[in-house]
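Everything below belongs to start.cif, which stores mmCIF, C-alpha atoms.
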```
data_final
#
loop_
_atom_site.group_PDB
_atom_site.id
_atom_site.type_symbol
_atom_site.label_atom_id
_atom_site.label_comp_id
_atom_site.auth_asym_id
_atom_site.auth_seq_id
_atom_site.Cartn_x
_atom_site.Cartn_y
_atom_site.Cartn_z
ATOM 1 C CA MET A 53 88.361 162.606 287.575
ATOM 2 C CA SER A 54 86.327 163.963 284.671
ATOM 3 C CA LEU A 55 86.651 163.503 280.919
ATOM 4 C CA ALA A 56 84.925 166.868 280.333
ATOM 5 C CA PRO A 57 88.171 168.875 279.783
ATOM 6 C CA LEU A 58 89.313 166.304 277.213
ATOM 7 C CA LEU A 59 85.971 166.079 275.444
ATOM 8 C CA ASP A 60 85.732 169.894 275.311
ATOM 9 C CA ALA A 61 89.184 170.220 273.698
ATOM 10 C CA ALA A 62 89.851 170.782 269.986
ATOM 11 C CA PRO A 63 89.134 167.653 267.872
ATOM 12 C CA PRO A 64 92.698 166.339 267.422
ATOM 13 C CA ILE A 65 93.311 166.335 271.186
ATOM 14 C CA PRO A 66 90.681 163.742 272.217
ATOM 15 C CA LEU A 67 91.664 161.549 269.240
ATOM 16 C CA HIS A 68 95.316 161.803 270.275
ATOM 17 C CA ALA A 69 94.615 161.113 273.952
ATOM 18 C CA PHE A 70 92.197 158.203 273.477
ATOM 19 C CA ALA A 71 94.523 156.552 270.943
ATOM 20 C CA ALA A 72 97.419 156.966 273.402
ATOM 21 C CA MET A 73 95.410 155.488 276.283
ATOM 22 C CA ALA A 74 94.310 152.538 274.141
ATOM 23 C CA ALA A 75 97.901 151.988 272.958
ATOM 24 C CA PHE A 76 99.114 152.068 276.557
ATOM 25 C CA VAL A 77 96.610 149.420 277.687
ATOM 26 C CA LEU A 78 97.259 147.273 274.623
ATOM 27 C CA GLY A 79 101.010 147.619 275.165
ATOM 28 C CA VAL A 80 100.692 146.302 278.712
ATOM 29 C CA VAL A 81 98.691 143.351 277.355
ATOM 30 C CA GLN A 82 101.402 142.706 274.776
ATOM 31 C CA PHE A 83 104.095 142.635 277.466
ATOM 32 C CA ALA A 84 102.183 139.966 279.394
ATOM 33 C CA ALA A 85 101.029 137.837 276.449
ATOM 34 C CA PRO A 86 102.998 135.072 274.705
ATOM 35 C CA LYS A 87 105.176 136.361 271.869
ATOM 36 C CA GLY A 88 105.218 135.260 268.239
ATOM 37 C CA THR A 89 101.621 134.024 268.260
ATOM 38 C CA LEU A 90 98.839 135.089 265.918
ATOM 39 C CA PRO A 91 97.161 137.129 268.713
ATOM 40 C CA HIS A 92 100.504 138.866 269.419
ATOM 41 C CA ARG A 93 100.906 139.787 265.761
ATOM 42 C CA THR A 94 97.276 140.907 265.429
ATOM 43 C CA LEU A 95 97.354 143.031 268.584
ATOM 44 C CA GLY A 96 100.774 144.284 267.520
ATOM 45 C CA TRP A 97 99.386 145.643 264.261
ATOM 46 C CA ILE A 98 96.536 147.320 266.147
ATOM 47 C CA TRP A 99 99.116 148.837 268.531
ATOM 48 C CA VAL A 100 101.214 150.115 265.601
ATOM 49 C CA ILE A 101 98.134 151.731 264.036
ATOM 50 C CA LEU A 102 97.188 153.334 267.369
ATOM 51 C CA MET A 103 100.732 154.660 267.796
ATOM 52 C CA ALA A 104 100.691 156.044 264.255
ATOM 53 C CA VAL A 105 97.400 157.818 265.075
ATOM 54 C CA VAL A 106 98.987 159.221 268.256
ATOM 55 C CA ALA A 107 102.050 160.490 266.393
ATOM 56 C CA ILE A 108 100.239 161.841 263.327
ATOM 57 C CA SER A 109 97.460 163.535 265.306
ATOM 58 C CA SER A 110 100.101 165.419 267.316
ATOM 59 C CA PHE A 111 100.927 167.493 264.224
ATOM 60 C CA TRP A 112 97.548 169.234 264.642
ATOM 61 C CA ILE A 113 98.109 169.965 268.336
ATOM 62 C CA HIS A 114 99.879 173.265 268.988
ATOM 63 C CA GLN A 115 99.327 173.977 272.699
ATOM 64 C CA ILE A 116 103.071 174.409 273.286
ATOM 65 C CA ARG A 117 104.747 176.661 270.698
ATOM 66 C CA LEU A 118 108.514 177.062 270.693
ATOM 67 C CA VAL A 119 109.351 177.354 266.982
ATOM 68 C CA GLY A 120 106.329 178.746 265.187
ATOM 69 C CA PRO A 121 103.516 176.274 265.879
ATOM 70 C CA TRP A 122 105.965 173.470 266.718
ATOM 71 C CA SER A 123 107.499 172.088 269.904
ATOM 72 C CA PRO A 124 110.028 169.365 270.756
ATOM 73 C CA ILE A 125 107.151 166.895 271.143
ATOM 74 C CA HIS A 126 106.701 167.051 267.371
ATOM 75 C CA LEU A 127 110.267 165.773 266.977
ATOM 76 C CA LEU A 128 109.292 162.852 269.200
ATOM 77 C CA SER A 129 106.349 162.197 266.880
ATOM 78 C CA ILE A 130 108.624 162.057 263.830
ATOM 79 C CA PHE A 131 111.053 159.816 265.719
ATOM 80 C CA SER A 132 108.194 157.544 266.838
ATOM 81 C CA LEU A 133 106.938 157.112 263.275
ATOM 82 C CA VAL A 134 110.427 156.200 262.062
ATOM 83 C CA MET A 135 110.905 153.763 264.944
ATOM 84 C CA LEU A 136 107.510 152.132 264.265
ATOM 85 C CA VAL A 137 108.637 151.399 260.710
ATOM 86 C CA LEU A 138 111.972 150.046 261.967
ATOM 87 C CA GLY A 139 110.255 147.900 264.624
ATOM 88 C CA VAL A 140 107.824 146.371 262.129
ATOM 89 C CA THR A 141 110.642 145.822 259.635
ATOM 90 C CA ALA A 142 112.709 144.065 262.303
ATOM 91 C CA ALA A 143 109.781 141.756 263.127
ATOM 92 C CA ARG A 144 109.190 140.936 259.468
ATOM 93 C CA ARG A 145 112.898 140.093 259.073
ATOM 94 C CA ARG A 146 112.693 137.938 262.225
ATOM 95 C CA LYS A 147 115.147 140.153 264.089
ATOM 96 C CA VAL A 148 113.348 139.491 267.358
ATOM 97 C CA ARG A 149 115.793 141.307 269.646
ATOM 98 C CA ALA A 150 115.778 144.487 267.519
ATOM 99 C CA HIS A 151 111.971 144.353 267.289
ATOM 100 C CA MET A 152 111.616 143.870 271.031
ATOM 101 C CA PHE A 153 113.925 146.733 272.013
ATOM 102 C CA THR A 154 112.420 149.086 269.433
ATOM 103 C CA MET A 155 108.843 148.481 270.521
ATOM 104 C CA ILE A 156 109.685 148.608 274.236
ATOM 105 C CA GLY A 157 111.545 151.874 273.600
ATOM 106 C CA ILE A 158 108.547 153.387 271.823
ATOM 107 C CA PHE A 159 106.233 152.228 274.615
ATOM 108 C CA PHE A 160 108.306 153.750 277.397
ATOM 109 C CA GLY A 161 109.561 156.836 275.553
ATOM 110 C CA ALA A 162 106.571 157.925 273.501
ATOM 111 C CA LEU A 163 103.777 156.646 275.757
ATOM 112 C CA THR A 164 104.965 156.403 279.343
ATOM 113 C CA ILE A 165 107.474 159.256 279.691
ATOM 114 C CA ALA A 166 105.682 161.614 277.292
ATOM 115 C CA GLY A 167 102.383 160.632 278.936
ATOM 116 C CA LEU A 168 103.674 161.616 282.358
ATOM 117 C CA PHE A 169 104.430 165.102 281.018
ATOM 118 C CA THR A 170 100.742 165.496 280.145
ATOM 119 C CA LEU A 171 99.993 165.419 283.881
ATOM 120 C CA VAL A 172 101.833 168.709 284.499
ATOM 121 C CA PRO A 173 99.531 171.390 285.960
ATOM 122 C CA GLY A 174 97.936 173.500 283.259
ATOM 123 C CA ARG A 175 97.701 170.630 280.750
ATOM 124 C CA ILE A 176 94.383 169.056 279.747
ATOM 125 C CA MET A 177 95.207 165.599 281.126
ATOM 126 C CA HIS A 178 96.085 167.154 284.484
ATOM 127 C CA ALA A 179 92.574 168.603 284.586
ATOM 128 C CA VAL A 180 91.118 165.228 283.548
ATOM 129 C CA VAL A 181 92.961 163.252 286.236
ATOM 130 C CA PHE A 182 93.198 165.753 289.085
ATOM 131 C CA GLY A 183 90.484 168.310 288.290
ATOM 132 C CA ASN A 184 91.277 172.032 288.026
#
```
As structure tokens:
Amino acid sequence: MSLAPLLDAAPPIPLHAFAAMAAFVLGVVQFAAPKGTLPHRTLGWIWVILMAVVAISSFWIHQIRLVGPWSPIHLLSIFSLVMLVLGVTAARRRKVRAHMFTMIGIFFGALTIAGLFTLVPGRIMHAVVFGN
């Protein structure tokens, strides 16, 4: 394992990847920690900011081009941003169940499943984890 391929990539890619990795770790912590507490809310806001960085930074990443410079992953980024707003809104309105399902959905869809696709041979994270 070597971070060199990631650190040598264009600037938005390391930002995107490190924010995603931090959001993944923080998300796991959030799953294990007590809910509704001040630490949960504080870490939750940090997680939302990290996820917004992940989604927004993706608009400057164009490694896969299907429609001009865009790919289906950019639709996931738009969807993630919308769902972040809905998840925060649900929490503020004390709709705990809606908040929980929204945030879990973002974690598994935008971080876990999308993250697994970065391990496909030929992608930067594949080179980071498995070498060339």
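You will find atom CA of Met135 of chain A at 20.4 Å from atom CA of Trp122 of chain A.
Of note, atom CA of Trp97 of chain A and atom CA of Ile130 of chain A are spaced 18.8 Å apart.
Using all atoms listed in the file, the smallest distance between any of A:Leu78, A:Leu95, A:Gly167, A:Gly157 and Phe131 of chain A comes from A:Gly157.
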Any idea what's packed within 12 Å of Pro86 of chain A, counting only C-alpha atoms, ignoring anything in its chain fewer than 5 positions away? Could you give it as a short mmCIF file (atom, residue, chain, number, x, y, z; two decimals) with C-alpha atoms, in the coordinates of the input?
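part_25.cif, freshly written:
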```cif
data_model
loop_
_atom_site.label_atom_id
_atom_site.label_comp_id
_atom_site.auth_asym_id
_atom_site.auth_seq_id
_atom_site.Cartn_x
_atom_site.Cartn_y
_atom_site.Cartn_z
CA VAL A 81 98.69 143.35 277.36
CA PRO A 91 97.16 137.13 268.71
CA HIS A 92 100.50 138.87 269.42
CA ARG A 93 100.91 139.79 265.76
CA LEU A 95 97.35 143.03 268.58
CA GLY A 96 100.77 144.28 267.52
#
```
| task | Starting from the shown file, work through the PyMOL selection byres ((chain A and resi 68) around 8) and note down what comes out as a ChimeraX atom specification. | result | /A:64-67,69-72,105-107,109-110
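Residues matching the PyMOL selection byres ((chain A and resi 123-129) around 9) in this structure come to Ala104, Val106, Ala107, Ile108, Ser110, Phe111, His114, Gln115, Ile116, Arg117, Leu118, Val119, Gly120, Pro121, Trp122, Ile130, Phe131, Ser132, Leu133, Val134, Gly161, Ala162 and Ala166 of chain A.
Atom pair atom CA of Phe182 of chain A / atom CA of Ile156 of chain A has a distance of 28.0 Å (rounded to one decimal).
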| task | Identify all residues satisfying the PyMOL selection byres ((chain A and resi 173-178) around 10) in the given file; provide them as a list in words. | result | Met53, Ser54, Leu55, Ala56, Pro57, Leu58, Leu59, Asp60, Ala61, Ile65, Pro66, Ala69, Gln115, Ile116, Gly167, Leu168, Phe169, Thr170, Leu171, Val172, Ala179, Val180, Val181, Phe182, Gly183 and Asn184 of chain A
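Distance annotation: of A:Phe153, A:Phe76, A:Trp112, A:Trp99, the residue with the minimal separation from Gly139 of chain A is A:Phe153; atom set is only C-alpha atoms.
Nearest residue to Ile158 of chain A, choosing from A:Ala62, A:Ile113, A:Val100, A:Met73 and counting all atoms listed in the file: A:Val100.
Closest approach to Leu102 of chain A among A:Ala143, A:Ala75, A:Leu90, A:Met152 is made by A:Ala75 (distances from only C-alpha atoms).
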Using 3 Å of padding on each side, determine the axis-aligned box around all atoms of segment 101-118 of chain A present in the file and give its centre and edge lengths in Å to one decimal, as lines of an AutoDock Vina configuration file.
```
center_x = 102.9
center_y = 164.4
center_z = 268.3
size_x = 17.3
size_y = 31.3
size_z = 16.0
```
| request: Point out the residue among A:Arg146, A:Phe160, A:Pro63, A:Thr94 with the least atom-to-atom distance to Val80 of chain A, counting only C-alpha atoms. | output: A:Phe160
| Using all atoms listed in the file: which of A:Ala74, A:Ala84, A:Ala150, A:Leu138 has the shortest distance to Ile98 of chain A | A:Ala74
